[in-house]
2 protein chains.
Amino acid sequence: MTARQSIVLTILATFTVVSAARGADPLPSWNDGAAKQAILEFVERTTTVGSPEFVPPAQRIAVFDNDGTLWAEQPLYFQLLFILDRVKSLTPQHPEWQTQEPFASLLKGDVKAALAGGERALGELAMATHAGMTTEEFATIVTDWIATARHPKTGRLLTEMVYQPMLEVLAYLRSNGFKTFIVSGGGVEFMRPWSERVYGIPPEQLIGSSIKTEYELRDGKPVLVRLPEINFVDDKDGKPVGIHQHIGRRPIAAFGNSDGDLQMLQWTAAGKGPRLCMLVHHTDAQREWAYDRDSHIGRLDRGLDEGSQRRWTIVSIRDDWKRVFPFEQSGEDGEK
Amino acid sequence: MTARQSIVLTILATFTVVSAARGADPLPSWNDGAAKQAILEFVERTTTVGSPEFVPPAQRIAVFDNDGTLWAEQPLYFQLLFILDRVKSLTPQHPEWQTQEPFASLLKGDVKAALAGGERALGELAMATHAGMTTEEFATIVTDWIATARHPKTGRLLTEMVYQPMLEVLAYLRSNGFKTFIVSGGGVEFMRPWSERVYGIPPEQLIGSSIKTEYELRDGKPVLVRLPEINFVDDKDGKPVGIHQHIGRRPIAAFGNSDGDLQMLQWTAAGKGPRLCMLVHHTDAQREWAYDRDSHIGRLDRGLDEGSQRRWTIVSIRDDWKRVFPFEQSGEDGEK
């Protein structure tokens, strides 16, 4: 073989690998249908050089809600599971909780009664478990907890209760030059210790609710102490506010699943140029959960109406997702 | 020439270009000395694979103060120039300002009297000029203003009053896998319209002071309205708080110039592993300004003491910078 032949063969081999990679389905857990097509077409037209809708890489910002969009949120928000576990762990240091609501009901195992006090009760539980320590101590607590915390129904690790099709969307967008952000109503410091490992999203690309922190020198060592005071609520109207404050430019793609994400999708949709707005509709009582307009968790009511009117993409888990969780067998013979 | 010869030549040419690039000085506007050496050595030991102090790219976070660190801040903060100009532009709509302080003094050209009211006066001026419009309207106002705003002493565009040696540090760090962030006491929305063009830092990597915003639908179109209410003050103790809130991990390099940056440097220095903490000391009355312990703007007092004790790198503009501003001729024959 001459040098020239060898080079030609190398070039041919390279082209074959590239086109095989191009030919591979970037969204294998999605059934063929309008939702999958909408994602593929959006990426195609925003990233093809010369396309009239080409978007420069710096402006390829995609935002994702977390609970119910990237991981499950039933039978209750996973951060609430954290709160419940933490209250139990901290009880020896708080004998007064045995008789004081909402802690007393919780310790008797009556979650419903504990949460009957609404936002105020939840706030008390959240502050008792999220404030009073340094940011580093809190990160360690979350890291330790999430390493073993399991889902009450499936028995899987909570970090396994993520949606395989959405992991594929995250990776697909990133491989096309998009920057992916989480915009969650949940606590930002609750997500940071594991978001990079689980979603490939670094801590600086997380937006979430937060409590105030205070800088302090302890024996000359600087620490940030978590205070029992709300700093920011990243839900509903708060989502566009948080996006603007943190990112400073408007996303071109937004993924949510509940009415809490409505304003984020409105804000995203209102920009000029191509937009992808998507709502995950929980329609699969067999493989996941089916809930929407009447659910206390992840209620999707106004979003369904406005989403259809505005022709946002509504993803039906039952119909659009071949596989829901990574631990399922892929395809039709998957465990249900 | 055979195909093989041609390939060999191409490869050789490529190597030559690469090694020339490697050999090129990444910091040509810095005089040889301890400060330049500290930067080069820090990057070398944190980015060399196999080095005991190697830092994975995801953790290469570098933070920079803006006023006095990346651009000049004398004879007064440039955002204050913006406020003064805006008050004048808005006066026709506010006849009451003719008799009402701090506006009246300002309109008479007496900046000192206008600011005699301290933080309260400044707050009134800031709110009158920064709030009441949508975020998009404010971005347009800043964009239009900064396109022509000139420095009162040099007559240069304000965006030319940036420090050439620091632009080189930004580029050098980024080319070595660092993510560069601004952490400024100034308003984050005042910097966003031009930071990418001037510093190569995208809007999502800016941390600064801010006022509150509110989401609103105006004729069905979503807007964020800027409210006359402080949201966050990103100065002194606020800098580590802002860094943690926005980035969620500790920087390994921090650059400041005043006591307002002290806590940011303390916070950065307190992490494990290699750290670069640097203070720009304004020592050049000829090419720039000379000020430190007694200055009302950019006071550097505690920082000088603590910086020497902790062996942070103190950059002397007079001694360490061959060239200060990009518009100067380079080297010894530069305009002074």
# chains A, B, ... in the order shown; residues from 1 in each chain; ligands from 1

call {"tool": "select_by_dssp", "arguments": {"residues": "stretch 49-185 of chain A", "states": "strand (DSSP E or B)", "output": "JSON, numbers by chain"}}
result
{"A": [61, 62, 63, 64, 67, 71, 134, 150, 157, 162, 179, 180, 181, 182, 183, 184, 185]}

call {"tool": "residues_around", "arguments": {"residues": "stretch 186-191 of chain B", "least_positions_apart": "6", "cutoff": "9 Å", "atoms": "only C-alpha atoms", "output": "list in words"}}
result
Gln245 and Gly248 of chain A; Asn66, Asp67, Tyr77, Gln79, Thr135, Phe138, Ala139, Val142, Thr143, Pro203, Leu206, Ile207, Gly208, Ser209, Ser210, Ile211, Val233, Asp234 and Asp235 of chain B

call {"tool": "atom_distance", "arguments": {"atom1": "atom CA of A:Gly260", "atom2": "atom CA of A:Lys236"}}
result
4.4 Å

call {"tool": "residues_around", "arguments": {"residues": "A:Val111", "least_positions_apart": "3", "cutoff": "12 Å", "atoms": "only C-alpha atoms", "output": "list in words"}}
result
Pro75, Leu76, Leu80, Leu81, Ile83, Leu84, Asp85, Val87, Glu101, Pro102, Phe103, Ala104, Ser105, Leu106, Leu107, Lys108, Ala114, Leu115, Ala116, Gly117, Gly118, Ala121, Leu122 and Leu125 of chain A

call {"tool": "select_by_dssp", "arguments": {"residues": "stretch 66-224 of chain B", "states": "helix (DSSP H, G or I)", "output": "PyMOL selection string"}}
result
chain B and resi 78-93+95-98+103-107+111-130+135-148+158-160+164-175+188-199+203-205

call {"tool": "closest_residue", "arguments": {"among": "A:Lys112, A:His130, A:Arg192, A:Arg287", "to": "chain B", "atoms": "only C-alpha atoms"}}
result
A:Arg192

call {"tool": "closest_atom_pairs", "arguments": {"of": "chain A", "to": "chain B", "cutoff": "10 Å", "atoms": "only C-alpha atoms", "output": "Markdown table"}}
result
| residue | atom | partner | partner_atom | distance |
| --- | --- | --- | --- | --- |
| A:Thr2 | CA | B:Arg4 | CA | 9.3 |
| A:Ala3 | CA | B:Arg4 | CA | 6.3 |
| A:Arg4 | CA | B:Ala3 | CA | 6.5 |
| A:Ile7 | CA | B:Ala3 | CA | 9.6 |
| A:Ala58 | CA | B:Pro202 | CA | 7.9 |
| A:Gln59 | CA | B:Pro202 | CA | 9.7 |
| A:Thr135 | CA | B:His244 | CA | 8.6 |
| A:Glu136 | CA | B:Arg249 | CA | 9.9 |
| A:Val188 | CA | B:Gln245 | CA | 8.5 |
| A:Glu189 | CA | B:Gly248 | CA | 7.9 |
| A:Arg192 | CA | B:Gly248 | CA | 7.2 |
| A:Pro193 | CA | B:Gly248 | CA | 9.3 |
| A:Glu196 | CA | B:Ala58 | CA | 10.0 |
| A:Pro202 | CA | B:Ala58 | CA | 7.9 |
| A:Pro203 | CA | B:Gly248 | CA | 5.3 |
| A:Glu204 | CA | B:Ile247 | CA | 4.1 |
| A:Gln205 | CA | B:Ile247 | CA | 7.6 |
| A:Leu206 | CA | B:His246 | CA | 8.1 |
| A:Ile207 | CA | B:His246 | CA | 8.1 |
| A:Gly208 | CA | B:Gln245 | CA | 9.7 |
| A:Ser210 | CA | B:Gln245 | CA | 8.3 |
| A:Ile211 | CA | B:Gln245 | CA | 9.7 |
| A:Lys212 | CA | B:Val241 | CA | 8.6 |
| A:Thr213 | CA | B:Val241 | CA | 6.5 |
| A:Glu214 | CA | B:Val241 | CA | 6.8 |
| A:Tyr215 | CA | B:Asp237 | CA | 5.7 |
| A:Glu216 | CA | B:Asp237 | CA | 8.2 |
| A:Leu217 | CA | B:Gln266 | CA | 9.5 |
| A:Gly220 | CA | B:Gln266 | CA | 9.6 |
| A:Lys221 | CA | B:Ala270 | CA | 6.9 |
| A:Pro222 | CA | B:Trp267 | CA | 6.0 |
| A:Val223 | CA | B:Trp267 | CA | 7.8 |
| A:Leu224 | CA | B:Val241 | CA | 7.1 |
| A:Val225 | CA | B:Val241 | CA | 9.6 |
| A:Asn231 | CA | B:Asn231 | CA | 9.5 |
| A:Phe232 | CA | B:Asn231 | CA | 9.9 |
| A:Lys236 | CA | B:Tyr215 | CA | 9.5 |
| A:Asp237 | CA | B:Tyr215 | CA | 5.7 |
| A:Gly238 | CA | B:Tyr215 | CA | 7.6 |
| A:Lys239 | CA | B:Tyr215 | CA | 9.0 |
| A:Pro240 | CA | B:Tyr215 | CA | 7.0 |
| A:Val241 | CA | B:Thr213 | CA | 6.5 |
| A:Gly242 | CA | B:Thr213 | CA | 9.4 |
| A:Ile243 | CA | B:Glu204 | CA | 9.4 |
| A:His244 | CA | B:Leu224 | CA | 8.5 |
| A:Gln245 | CA | B:Ser210 | CA | 8.3 |
| A:His246 | CA | B:Glu204 | CA | 6.0 |
| A:Ile247 | CA | B:Glu204 | CA | 4.1 |
| A:Gly248 | CA | B:Pro203 | CA | 5.3 |
| A:Arg249 | CA | B:Pro203 | CA | 7.0 |
| A:Gln263 | CA | B:Pro222 | CA | 8.3 |
| A:Met264 | CA | B:Pro222 | CA | 9.9 |
| A:Gln266 | CA | B:Pro222 | CA | 6.9 |
| A:Trp267 | CA | B:Pro222 | CA | 6.0 |
| A:Thr268 | CA | B:Pro222 | CA | 9.4 |
| A:Ala269 | CA | B:Pro222 | CA | 9.4 |
| A:Ala270 | CA | B:Pro222 | CA | 6.9 |
| A:Gly271 | CA | B:Pro222 | CA | 9.6 |

call {"tool": "atom_distance", "arguments": {"atom1": "atom CA of A:Gly33", "atom2": "atom CA of A:His296"}}
result
29.7 Å

call {"tool": "atom_distance", "arguments": {"atom1": "atom CA of A:Glu53", "atom2": "atom CA of A:His281"}}
result
28.0 Å

call {"tool": "residues_around", "arguments": {"residues": "A:Leu279", "least_positions_apart": "5", "cutoff": "8 Å", "atoms": "only C-alpha atoms", "output": "ChimeraX atom specification"}}
result
/A:255-258,303,307,312-315

call {"tool": "residues_around", "arguments": {"residues": "A:Tyr291", "least_positions_apart": "6", "cutoff": "9 Å", "atoms": "only C-alpha atoms", "output": "ChimeraX atom specification"}}
result
/A:281-285,297-300

call {"tool": "residues_around", "arguments": {"residues": "A:Trp321", "least_positions_apart": "6", "cutoff": "10 Å", "atoms": "only C-alpha atoms", "output": "NGL selection string"}}
result
:A and (27-33 or 35-36 or 163-166 or 284 or 315 or 331)
